[in-house]
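> Have a look at this one.
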Amino acid sequence: MRKNLPFALFTAVITLVLSLPILGLKLTHEGTKLVLEGATQSTYVYIFLAAAAVFLSQLFREQLNAAKAAVKPKGNILAKLMPPEEKRDMAGKIFFVVLLIAAVLIPFNTGRIWSDIATLALIYVILGLGLNIVVGLAGLLDLGYVAFYAVGAYSYALLSQYFGLSFWVCLPIGALLAATFGFLLGFPVLRLRGDYLAIVTLGFGEIIRILLNNLTSLTGGPNGIGGIPKPTIPMLQFDPEFSIVNLEFSRRAAEGNVAFHEFFGVPYDSSLKVVVLYLIALVLALVTIVIVRRLIRMPVGRAWEALREDEIACRSLGLNRTAIKLSAFTIGAAFAGFAGSLYGARQGHISPESFIFFESVIILAIVVLGGMGSQIGVMVAAVLVVLLQELSREFDEYRLLAFGMVMVLMMIWCPQGLIPMKRPHLQLKQE
Amino acid sequence: MLTLENVYTHYGKIEALHGISLEVNQGEIVSLIGANGAGKTTLLMTVCGDPRASDGRITFMGKDITETPTSEIMRSGIAIVPEGRRVFSGLTVVENLQMGAFFSDKSDFARTLEYVYDLFPRLRERHSQRAGTMSGGEQQMLAIGRALMSHPKMLFLDEPSLGLAPIIINQIFEIIGKLREEGMTIFLVEQNANQALRLADRGYVLENGKVVLQDTGANLLVNEDVRKAYLGG
């Protein structure tokens, strides 16, 4: 303790030197002049308390560290909560079914707002799973993923505006278009690696956004596109004649469609369209999960991982690295297109504003937080990130700060992500 | 089986190989020895098509592969154990071996796996361990096993003894000898000239991108120049 004293004093003084002018002095206007003013009494008290806290924590550093080590659990906390290896498959299935039932029930138990947020969370789940293929599995750092998301959203908006195509037609088209863009971008950039690839993809994301912003005649520029129709649901009709009609969930249906409440003769409920959208999102997210799960277990999934691990070894085994990288890029982009179409349908109005670089960062953060390559982790992280964003709406300006802090803490405590990718664990046999 | 005729290779403007000619016959072990920077690895990589030979002709099993894409060359019966092992460290042993059999018949996988496990019992013990957590020797065994998974006609080994303890090196060379007995054609690139030549049917000495000597392994071992330059007098 004795030897800590000088350093503790020093840090306390530093604290005072730093915080007194920053927090304790204020510049205010007085007429045309700027006047220096002292802060309130309580501010000074807080400053001195902070300095005292720094002083004491430095003075008793060893004791504090010892106490911390005593309470600190060993290993990943979440991983510890998981059931043992051999039971994990079964437990995973049960957990999944329970989760699914809960997910289906969400809109019926919560209000319209929460269903809407849950829809957004599912969109991010799809985005996260898509980017997970590119970044988590194939190891290609893509900072412009939002571009493919934008392509999906705009393709739905434009196709429905100019050609009157329905959501269900636009969904695959959106995914296909995004995939095409992924493919086209992939060709020139995939010879790049790591940071270079990141910069080029970042540039691509910005190009798409700026293009959307300036292509006013087609995309409406910064105003975006409004009045994007909500998805309809095709339904068999027996009366007056046997046919298929598209059910709409708005009060009055567009021409050729039938309003849901009129079709079934129930009173109009405005929250229904949110609920239906949520359920559609849930189905699409499930489809994504199943497809990605299959992909990972297919040879191409293994090839992605192998490529991430060692490119030269991959080539020595006769794998075509361009084909593998392109497949990852294209498939990842397709899911972004998928999510984009859904996003357009949810918002009803899209503009380039929704597809800024920060959006790419959030999706990337979801992948990193969840655990690179881990599907469950990415899903959990997507839900958490959306929830955090919604809950912290009031502290809007501090959101980024909190975001950064969570990231730093995560990297300290579980650098592998919330739920690290499941891989067979080390098995040491006694000889 | 493999023939190089007057092969030149450039890295940009720098010429790394100056007209190399050599051949490897069916069922042989041919060793290529040379100092650091002599062009051994470049020669090996040129056969694989990366970098491409800027002049000359490479034929494998009667087919000209000078311009064939790398991925096709690697699927045509050549397997390479790259320098520094390069196992997929995040993948398990089995998964590494699966990657080796990526383009092979799936129905054959179990049998080939059994064959590799018999060759390297160590790998069987560690089948579900991450490759990156194994020792250097085990990783080298895995790299060789992975290369064998594709049923190659010819095996390229680039410095298999690199950074391994003498006892492990002996094991590895024993396995290489065993493979030859099974009829495998092997092209061995080594700095460890003594052991490489002892095992080899024939050998080539590479110096500054040129073949300066070629003879049987036994003859090279007793060759005065080779002894001076590579075997410590």
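In the structure tokens, chains take letters A, B, ... by order of appearance, with residues numbered from 1 within each chain and ligands from 1 in the order shown.
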Sorted by chain and rising residue number, which residues of segment 316-346 of chain A lie within 10 Å of segment 74-85 of chain B, and what are their closest atom pairs and distances in Å to one decimal, counting only C-alpha atoms, as a Markdown table?


| residue | atom | partner | partner_atom | distance |
| --- | --- | --- | --- | --- |
| A:Ser316 | CA | B:Ile80 | CA | 6.0 |
| A:Leu317 | CA | B:Met74 | CA | 6.1 |
| A:Gly318 | CA | B:Met74 | CA | 4.4 |
| A:Leu319 | CA | B:Met74 | CA | 8.1 |
| A:Asn320 | CA | B:Met74 | CA | 9.9 |

> Could you write out as a ChimeraX atom specification the residues of chain B within 10 Å of chain A, counting only C-alpha atoms?

/B:45,48,50,69-76,78-83,85-92,95-96,98-103,125-131,133,143,146-147,149-150

> So which residues touch Asn223 of chain A within 12 Å, counting only C-alpha atoms, skipping near sequence neighbours fewer than 6 positions away, as an MDAnalysis selection string?

chainID A and resid 212:217 349:354

> Give me a file of those residues, with N, CA and C atoms, as a CSV table (one decimal), in the first residue's frame.


chain,number,residue,atom,x,y,z
A,212,LEU,N,-28.4,6.0,-55.2
A,212,LEU,CA,-29.8,6.1,-54.9
A,212,LEU,C,-30.2,7.5,-54.6
A,213,ASN,N,-29.3,8.2,-54.0
A,213,ASN,CA,-29.6,9.6,-53.6
A,213,ASN,C,-29.7,10.5,-54.8
A,214,ASN,N,-28.9,10.2,-55.8
A,214,ASN,CA,-28.8,11.2,-57.0
A,214,ASN,C,-29.6,10.7,-58.2
A,215,LEU,N,-30.0,9.5,-58.2
A,215,LEU,CA,-30.8,9.0,-59.3
A,215,LEU,C,-32.3,9.5,-59.2
A,216,THR,N,-32.4,10.8,-59.0
A,216,THR,CA,-33.7,11.3,-58.6
A,216,THR,C,-34.9,10.8,-59.5
A,217,SER,N,-34.6,10.7,-60.8
A,217,SER,CA,-35.7,10.4,-61.7
A,217,SER,C,-36.3,9.0,-61.4
A,349,HIS,N,-42.0,3.1,-46.5
A,349,HIS,CA,-41.3,4.2,-47.1
A,349,HIS,C,-39.8,4.0,-46.9
A,350,ILE,N,-39.0,4.1,-48.0
A,350,ILE,CA,-37.6,4.0,-47.8
A,350,ILE,C,-36.9,5.1,-48.5
A,351,SER,N,-35.7,5.5,-48.0
A,351,SER,CA,-34.9,6.5,-48.6
A,351,SER,C,-33.4,6.1,-48.3
A,352,PRO,N,-32.5,6.7,-49.1
A,352,PRO,CA,-31.1,6.4,-48.9
A,352,PRO,C,-30.6,6.5,-47.5
A,353,GLU,N,-31.3,7.4,-46.7
A,353,GLU,CA,-31.0,7.6,-45.3
A,353,GLU,C,-30.9,6.3,-44.5
A,354,SER,N,-31.8,5.3,-44.9
A,354,SER,CA,-31.8,4.1,-44.1
A,354,SER,C,-30.6,3.2,-44.4

> Set the distance at 9 Å and use only C-alpha atoms: which residues neighbour Pro229 of chain A once local chain neighbours fewer than 2 positions away are removed? I'd like the list as a list in words.

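Neighbouring residues, sequence-local ones excluded: Ala157, Ser160, Gln161, Ser166, Phe167, Gly226, Gly227, Pro231, Thr232, Gly344, Ala345, Arg346 and Gly348 of chain A.
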
> Output all heavy atoms for every residue in that selection, as a short mmCIF file (atom, residue, chain, number, x, y, z; two decimals), in the first residue's frame.


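As written to disk, out.cif reads:
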data_model
loop_
_atom_site.label_atom_id
_atom_site.label_comp_id
_atom_site.auth_asym_id
_atom_site.auth_seq_id
_atom_site.Cartn_x
_atom_site.Cartn_y
_atom_site.Cartn_z
N ALA A 157 -39.49 -1.80 -53.76
CA ALA A 157 -40.20 -0.52 -53.85
C ALA A 157 -40.43 -0.13 -55.31
O ALA A 157 -41.54 0.23 -55.71
CB ALA A 157 -39.41 0.56 -53.13
N SER A 160 -42.77 -2.60 -57.30
CA SER A 160 -44.19 -2.49 -56.97
C SER A 160 -44.73 -1.14 -57.44
O SER A 160 -45.88 -1.03 -57.82
CB SER A 160 -44.41 -2.68 -55.47
OG SER A 160 -43.97 -1.54 -54.78
N GLN A 161 -43.87 -0.13 -57.45
CA GLN A 161 -44.34 1.19 -57.88
C GLN A 161 -44.54 1.25 -59.38
O GLN A 161 -45.55 1.73 -59.86
CB GLN A 161 -43.34 2.26 -57.45
CG GLN A 161 -43.91 3.65 -57.57
CD GLN A 161 -42.88 4.71 -57.20
OE1 GLN A 161 -41.69 4.52 -57.39
NE2 GLN A 161 -43.35 5.80 -56.64
N SER A 166 -46.37 -7.89 -56.82
CA SER A 166 -46.69 -8.10 -55.41
C SER A 166 -45.43 -8.47 -54.62
O SER A 166 -44.39 -8.80 -55.20
CB SER A 166 -47.73 -9.21 -55.28
OG SER A 166 -47.09 -10.47 -55.35
N PHE A 167 -45.56 -8.42 -53.30
CA PHE A 167 -44.44 -8.71 -52.41
C PHE A 167 -43.83 -10.07 -52.69
O PHE A 167 -42.61 -10.23 -52.73
CB PHE A 167 -44.94 -8.64 -50.96
CG PHE A 167 -43.90 -9.00 -49.95
CD1 PHE A 167 -42.88 -8.12 -49.65
CD2 PHE A 167 -43.94 -10.22 -49.30
CE1 PHE A 167 -41.92 -8.44 -48.72
CE2 PHE A 167 -42.99 -10.55 -48.36
CZ PHE A 167 -41.98 -9.66 -48.07
N GLY A 226 -42.24 6.30 -51.27
CA GLY A 226 -43.26 6.06 -50.25
C GLY A 226 -44.36 5.17 -50.79
O GLY A 226 -44.34 4.77 -51.95
N GLY A 227 -45.29 4.88 -49.92
CA GLY A 227 -46.46 4.11 -50.33
C GLY A 227 -46.14 2.72 -50.81
O GLY A 227 -46.80 2.18 -51.70
N PRO A 231 -47.34 -6.61 -47.65
CA PRO A 231 -47.56 -7.89 -48.32
C PRO A 231 -49.03 -8.32 -48.23
O PRO A 231 -49.71 -8.02 -47.23
CB PRO A 231 -46.69 -8.86 -47.52
CG PRO A 231 -45.81 -8.03 -46.67
CD PRO A 231 -46.44 -6.70 -46.52
N THR A 232 -49.47 -8.99 -49.25
CA THR A 232 -50.81 -9.56 -49.22
C THR A 232 -50.66 -11.06 -49.06
O THR A 232 -49.57 -11.60 -49.23
CB THR A 232 -51.55 -9.27 -50.53
OG1 THR A 232 -50.77 -9.80 -51.59
CG2 THR A 232 -51.75 -7.79 -50.72
N GLY A 344 -38.52 -2.92 -46.72
CA GLY A 344 -39.33 -2.00 -47.51
C GLY A 344 -40.81 -2.17 -47.18
O GLY A 344 -41.54 -1.20 -47.00
N ALA A 345 -41.22 -3.44 -47.07
CA ALA A 345 -42.62 -3.72 -46.79
C ALA A 345 -43.00 -3.24 -45.39
O ALA A 345 -44.09 -2.74 -45.17
CB ALA A 345 -42.88 -5.21 -46.91
N ARG A 346 -42.08 -3.36 -44.45
CA ARG A 346 -42.38 -2.96 -43.08
C ARG A 346 -42.47 -1.45 -42.98
O ARG A 346 -43.41 -0.91 -42.39
CB ARG A 346 -41.30 -3.47 -42.13
CG ARG A 346 -41.42 -2.91 -40.73
CD ARG A 346 -40.24 -3.34 -39.87
NE ARG A 346 -40.29 -2.68 -38.59
CZ ARG A 346 -39.64 -1.56 -38.29
NH1 ARG A 346 -38.93 -0.95 -39.23
NH2 ARG A 346 -39.72 -1.02 -37.10
N GLY A 348 -42.78 0.84 -45.42
CA GLY A 348 -43.73 1.50 -46.31
C GLY A 348 -43.10 2.70 -46.99
O GLY A 348 -43.65 3.25 -47.93
#

> Which polymer residues have any atom within 7 Å of an atom of segment 417-422 of chain A, counting only C-alpha atoms, with same-chain residues fewer than 3 positions away left out, as a ChimeraX atom specification?

/A:78-79,368-374,377,414

> Based on the selection just made, write C-alpha atoms of those residues as an mmCIF file, in the first residue's frame.


data_model
loop_
_atom_site.group_PDB
_atom_site.id
_atom_site.type_symbol
_atom_site.label_atom_id
_atom_site.label_comp_id
_atom_site.auth_asym_id
_atom_site.auth_seq_id
_atom_site.Cartn_x
_atom_site.Cartn_y
_atom_site.Cartn_z
ATOM 1 C CA LEU A 78 -22.821 -18.282 -21.303
ATOM 2 C CA ALA A 79 -20.936 -21.355 -22.411
ATOM 3 C CA VAL A 368 -18.973 -10.070 -34.076
ATOM 4 C CA LEU A 369 -21.006 -9.851 -30.864
ATOM 5 C CA GLY A 370 -22.816 -13.076 -31.573
ATOM 6 C CA GLY A 371 -19.647 -14.949 -32.332
ATOM 7 C CA MET A 372 -18.220 -15.262 -35.804
ATOM 8 C CA GLY A 373 -19.746 -18.192 -37.582
ATOM 9 C CA SER A 374 -22.151 -19.032 -34.771
ATOM 10 C CA GLY A 377 -25.042 -16.334 -31.390
ATOM 11 C CA CYS A 414 -15.764 -13.092 -24.384
#

> Need the shell around segment 179-183 of chain A: protein/DNA/RNA residues with any atom at most 7 Å away, counting only C-alpha atoms. Skip same-chain ones fewer than 6 positions apart. Format as a list of chain:residue names?

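Using only C-alpha atoms, the neighbours found are A:Leu326, A:Phe329, A:Thr330, A:Ile331, A:Ala333, A:Ala334.
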
> Please produce a file of the residues just selected, as a compact mmCIF listing (two decimals), in the first residue's frame, where the atoms kept are N, CA, C and O atoms.


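Written file, result_12.txt:
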# COMPACT_ATOMS: atom_id res chain seq x y z
N LEU A 326 -16.74 -16.17 -54.26
CA LEU A 326 -17.89 -15.62 -54.96
C LEU A 326 -19.17 -16.22 -54.44
O LEU A 326 -20.17 -15.50 -54.26
N PHE A 329 -19.99 -14.59 -51.16
CA PHE A 329 -20.41 -13.20 -51.37
C PHE A 329 -21.82 -13.13 -51.94
O PHE A 329 -22.65 -12.34 -51.50
N THR A 330 -22.06 -13.98 -52.95
CA THR A 330 -23.34 -13.94 -53.64
C THR A 330 -24.47 -14.41 -52.73
O THR A 330 -25.52 -13.76 -52.63
N ILE A 331 -24.24 -15.50 -52.03
CA ILE A 331 -25.30 -16.04 -51.17
C ILE A 331 -25.57 -15.08 -50.02
O ILE A 331 -26.72 -14.82 -49.67
N ALA A 333 -25.17 -11.89 -50.04
CA ALA A 333 -25.88 -10.74 -50.59
C ALA A 333 -27.35 -11.07 -50.82
O ALA A 333 -28.23 -10.24 -50.59
N ALA A 334 -27.62 -12.30 -51.25
CA ALA A 334 -29.00 -12.69 -51.52
C ALA A 334 -29.85 -12.55 -50.26
O ALA A 334 -30.99 -12.06 -50.31

> Would you kindly return, as a list in words, each protein, DNA or RNA residue with an atom no farther than 6 Å from any atom of segment 44-55 of chain A, considering only C-alpha atoms and excluding same-chain residues fewer than 4 positions away?

Ala8, Ala12 and Thr15 of chain A

> Just to be explicit: take each residue in the selection above, keep all heavy atoms, and write the result as a tab-separated table (two decimals), in the first residue's frame.


chain	number	residue	atom	x	y	z
A	8	ALA	N	-0.88	6.84	-6.52
A	8	ALA	CA	-2.29	7.14	-6.24
A	8	ALA	C	-2.49	8.66	-6.17
A	8	ALA	O	-3.45	9.20	-6.73
A	8	ALA	CB	-2.71	6.48	-4.94
A	12	ALA	N	-4.76	10.97	-8.73
A	12	ALA	CA	-5.82	11.84	-8.20
A	12	ALA	C	-5.63	13.27	-8.70
A	12	ALA	O	-6.59	13.94	-9.12
A	12	ALA	CB	-5.81	11.80	-6.68
A	15	THR	N	-6.63	13.51	-12.25
A	15	THR	CA	-8.08	13.56	-12.36
A	15	THR	C	-8.58	14.98	-12.14
A	15	THR	O	-9.43	15.49	-12.89
A	15	THR	CB	-8.72	12.62	-11.32
A	15	THR	OG1	-8.06	11.37	-11.39
A	15	THR	CG2	-10.20	12.44	-11.56

> Apply DSSP to the backbone of this structure and, from segment 60-206 of chain B, keep only the residues in strand (DSSP E); write these as a list in words.

Phe60, Lys63, Asp64, Ile78, Ala79, Ile80, Val81, Met154, Leu155, Phe156, Leu157, Asp158, Thr185, Ile186, Phe187, Leu188, Val189, Glu190, Arg202, Gly203, Tyr204, Val205 and Leu206 of chain B

> So, with only C-alpha atoms as the atoms that count, which of B:Leu113, B:Leu148, B:Val93, B:Leu44 lies closest to Met184 of chain B?

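The shortest atom-to-atom distance to Met184 of chain B comes from B:Leu148.
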
> Measure the distance from atom CA of Val200 of chain A to atom CA of Ala138 of chain A in Å and round it to one decimal.

17.0 Å

> Based on the backbone DSSP call, show me all residues of segment 77-195 of chain B assigned alpha helix (DSSP H), as a PyMOL selection string.

chain B and resi 93-100+109-119+121-125+136-148+166-181+193-195

> Let's have the selection written as an mmCIF file, in the first residue's frame, with C-alpha atoms.


data_model
loop_
_atom_site.group_PDB
_atom_site.id
_atom_site.type_symbol
_atom_site.label_atom_id
_atom_site.label_comp_id
_atom_site.auth_asym_id
_atom_site.auth_seq_id
_atom_site.Cartn_x
_atom_site.Cartn_y
_atom_site.Cartn_z
ATOM 1 C CA VAL B 93 -8.568 -33.567 -37.669
ATOM 2 C CA VAL B 94 -11.467 -35.361 -39.333
ATOM 3 C CA GLU B 95 -12.667 -32.159 -40.947
ATOM 4 C CA ASN B 96 -9.180 -31.496 -42.280
ATOM 5 C CA LEU B 97 -9.138 -34.944 -43.789
ATOM 6 C CA GLN B 98 -12.592 -34.385 -45.220
ATOM 7 C CA MET B 99 -11.276 -31.285 -46.940
ATOM 8 C CA GLY B 100 -8.569 -33.448 -48.481
ATOM 9 C CA PHE B 109 -14.287 -41.814 -47.829
ATOM 10 C CA ALA B 110 -14.540 -44.233 -44.899
ATOM 11 C CA ARG B 111 -12.022 -46.609 -46.440
ATOM 12 C CA THR B 112 -9.522 -43.898 -47.270
ATOM 13 C CA LEU B 113 -9.915 -42.460 -43.797
ATOM 14 C CA GLU B 114 -9.166 -45.861 -42.336
ATOM 15 C CA TYR B 115 -6.083 -46.101 -44.545
ATOM 16 C CA VAL B 116 -4.767 -42.738 -43.366
ATOM 17 C CA TYR B 117 -5.531 -43.586 -39.743
ATOM 18 C CA ASP B 118 -3.585 -46.837 -40.110
ATOM 19 C CA LEU B 119 -0.690 -44.899 -41.554
ATOM 20 C CA PRO B 121 -2.418 -43.940 -35.653
ATOM 21 C CA ARG B 122 -1.823 -40.643 -33.897
ATOM 22 C CA LEU B 123 -4.469 -38.993 -36.044
ATOM 23 C CA ARG B 124 -7.048 -41.595 -35.092
ATOM 24 C CA GLU B 125 -6.503 -40.782 -31.422
ATOM 25 C CA GLY B 136 4.142 -29.712 -35.133
ATOM 26 C CA GLY B 137 4.817 -33.352 -35.886
ATOM 27 C CA GLU B 138 1.166 -34.276 -35.597
ATOM 28 C CA GLN B 139 0.261 -31.376 -37.848
ATOM 29 C CA GLN B 140 2.760 -32.589 -40.416
ATOM 30 C CA MET B 141 1.217 -36.047 -40.261
ATOM 31 C CA LEU B 142 -2.179 -34.469 -40.724
ATOM 32 C CA ALA B 143 -0.948 -32.461 -43.704
ATOM 33 C CA ILE B 144 0.385 -35.618 -45.342
ATOM 34 C CA GLY B 145 -2.775 -37.519 -44.456
ATOM 35 C CA ARG B 146 -4.897 -34.748 -45.908
ATOM 36 C CA ALA B 147 -2.936 -34.868 -49.152
ATOM 37 C CA LEU B 148 -3.367 -38.645 -49.347
ATOM 38 C CA PRO B 166 14.861 -35.411 -35.183
ATOM 39 C CA ILE B 167 12.808 -38.291 -33.867
ATOM 40 C CA ILE B 168 9.680 -36.970 -35.562
ATOM 41 C CA ILE B 169 11.620 -36.365 -38.769
ATOM 42 C CA ASN B 170 12.646 -40.021 -38.722
ATOM 43 C CA GLN B 171 9.024 -41.046 -38.339
ATOM 44 C CA ILE B 172 7.953 -38.864 -41.220
ATOM 45 C CA PHE B 173 10.666 -40.204 -43.476
ATOM 46 C CA GLU B 174 9.729 -43.740 -42.489
ATOM 47 C CA ILE B 175 6.198 -43.053 -43.637
ATOM 48 C CA ILE B 176 7.470 -41.613 -46.907
ATOM 49 C CA GLY B 177 9.430 -44.808 -47.465
ATOM 50 C CA LYS B 178 6.329 -46.831 -46.710
ATOM 51 C CA LEU B 179 4.342 -44.861 -49.248
ATOM 52 C CA ARG B 180 6.942 -45.618 -51.887
ATOM 53 C CA GLU B 181 6.617 -49.314 -51.175
ATOM 54 C CA ALA B 193 19.822 -33.145 -47.682
ATOM 55 C CA ASN B 194 21.216 -36.119 -45.809
ATOM 56 C CA GLN B 195 17.936 -37.817 -45.120
#
